[in-house]
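What follows is one structure encoded as structure tokens, with my remarks underneath.
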Amino acid sequence: GDMAAVDKFKDEVKKKSTTALIEEGELSEAVSLGGALKLRYEIRYVSSSDFDSKIKLLRNQENSFENKIVAVVCFAKDDSESVVLGKKINDALEDESYKMIFIDSSTTPLGKDGYDQYCENMAQSMYYQGKDNNQARQFEANAKDALKKWKNRIANGEFIVYTSDNKNGKRATTLDMLYSELFDIDKKKYKNCLEGEYNVIDGMYLPNSLKLGVSCGVKQEVSGTYKSGNPATKLENALGEAWNYNGKYWVDMPHLLISKIKAKVEELISCAFEESGRISISDIYDELKGEPFGFMPCNLSAFVIGFILKEYADGTY
């Protein structure tokens, strides 16, 4: 195309913020969570330009996240932005009023070559718009391909995880190592969380079959969503010896996670009965949402609550 016109469009493209590139390149997909981690973490994606405003907003919204862990994933277009992000993360950790973790992926920037490719192709696309729309679409595809390559490099690159306990950061050299580190942070906060002990299918971390889950727990039968053909992810195997146990499993097998949960609930019920003669299931759930159990609104929680309250599921109560 006309080079002078293309250069003018290129100047326009260069005005785009890194935040806009993050959204356009769908970089959130590079660090997406599934299963229990998706439910536990509240994630935001930032660049150096909107870092301050987004973490301040998260701090103001802290109470609305209840038992979630807030994580901020940081991206950089180039090395200079990476340096700025490193300083901003350090300042936020030193401030100590930000109750969140930071995942720095700026060790994998877009880079000069990738950025130049993006700007050149996007400018050519803008130039051909209305003149030759097929050419325009092809150049736009080329530009987005540069961002796609960046996204793929991030997913295959390194991350540094910063927490209030580790302000120097912990390096995760793969995405799986990052997930493992996030699980460790989760289990440190919620020492007796269900996801830390039970290996179940990802569908157990959805809230789409709660009534059936309670029923399965009460009846000690698994069906539908709650049935797994894999012995490693069977709910009945997760609960171990407590499943279909005739006695008081929480007394006879206090080491089991389900026994620890049951013992806490029995204590709650006993105190409430003495004080007022009644307790609501929502009160029980509210207690279990906090530390050390960290119950989340999902099928697995419904199943476990059904199981621990099955002794009360008759006409006496």
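Here's how to read the names in the structure tokens: chain A, B, ... by the order shown, residue numbers from 1 in each chain, ligand numbers from 1 in the order shown.
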Original post:
In range 145-261 of chain A, what's strand (DSSP E) per DSSP? Answer as a ChimeraX atom specification?
Top reply: /A:159-162,170-172
With N, CA and C atoms kept, could you save the residues just selected as a short mmCIF file (atom, residue, chain, number, x, y, z; two decimals), in the first residue's frame?
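The resulting file, result_35.cif, is reproduced below:
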```cif
data_model
loop_
_atom_site.label_atom_id
_atom_site.label_comp_id
_atom_site.auth_asym_id
_atom_site.auth_seq_id
_atom_site.Cartn_x
_atom_site.Cartn_y
_atom_site.Cartn_z
N PHE A 159 6.77 -18.54 34.96
CA PHE A 159 5.97 -17.62 35.77
C PHE A 159 6.68 -17.44 37.11
N ILE A 160 6.48 -16.28 37.71
CA ILE A 160 6.97 -16.07 39.07
C ILE A 160 5.76 -15.73 39.94
N VAL A 161 5.59 -16.49 41.01
CA VAL A 161 4.43 -16.31 41.90
C VAL A 161 4.89 -15.59 43.17
N TYR A 162 4.28 -14.43 43.42
CA TYR A 162 4.61 -13.63 44.59
C TYR A 162 3.45 -13.69 45.60
N LYS A 170 8.40 -17.11 43.73
CA LYS A 170 8.77 -18.50 43.49
C LYS A 170 8.57 -18.78 42.00
N ARG A 171 9.61 -19.30 41.36
CA ARG A 171 9.58 -19.52 39.91
C ARG A 171 8.89 -20.84 39.58
N ALA A 172 7.96 -20.77 38.64
CA ALA A 172 7.31 -21.97 38.11
C ALA A 172 7.70 -22.06 36.64
#
```
Subject >> For Met204 in chain A: contacts at 6 Å, only C-alpha atoms, fewer than 3 positions along chain excluded, given as a ChimeraX atom specification >> reply: /A:201,299-300
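Using only C-alpha atoms for every distance, the candidate list A:Asp165, A:Gln129, A:Gly294, A:Lys88 yields A:Lys88 as the residue closest to Ser53 in chain A.
Residue nearest Leu182 in chain A within the list A:Ile69, A:Phe75, A:Ser28, A:Cys271: A:Ile69 [criterion: smallest interatomic distance, only C-alpha atoms].
Using only C-alpha atoms, the smallest distance between any of A:Glu181, A:Glu23, A:Asp286, A:Glu311 and Gly247 in chain A comes from A:Glu311.
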**OP:** Mind checking which residues fall within 10 Å of Phe303 in chain A, counting only C-alpha atoms, ignoring those fewer than 6 positions away in the same chain, and posting them as a ChimeraX atom specification?
**Re:** /A:204,209-218,220,222,226,235
Original post:
Which of these residues is nearest to Lys191 in chain A, using only C-alpha atoms: A:Lys260, A:Lys310, A:Glu81, A:Cys298?
Top reply: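 When distances to Lys191 in chain A are compared using only C-alpha atoms, the smallest one comes from A:Lys260.
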Original post:
Suppose you want the space between CA of Ile43 in chain A and CA of Ala155 in chain A; what is it in Å?
Top reply: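 Rounded to one decimal, the two atoms are 16.0 Å apart.
Coordinates place CA of Tyr41 in chain A at a distance of 26.2 Å from CA of Lys149 in chain A.
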**OP:** Work out how far CA of Ala238 in chain A is from CA of Val200 in chain A, in Å to one decimal.
**Re:**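 Computing it gives 7.8 Å between the two atoms.
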Subject >> Counting only C-alpha atoms, the residue of A:Gln135, A:Ser105, A:Thr316, A:Thr233 that sits nearest Thr174 in chain A >> reply: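 Closest candidate: A:Ser105.
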**OP:** Could you find all residues in range 57-86 of chain A that DSSP calls helix (DSSP H, G or I) from the backbone, and write them as a PyMOL selection string?
**Re:** chain A and resi 57-60+62-65+79-86
Original post:
Given the choices A:Ile101, A:Lys112, A:Ile154, A:Gln117, which gets closest to Glu29 in chain A if the distance is worked out from only C-alpha atoms?
Top reply: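 Of all the options, A:Ile154 lies closest to Glu29 in chain A.
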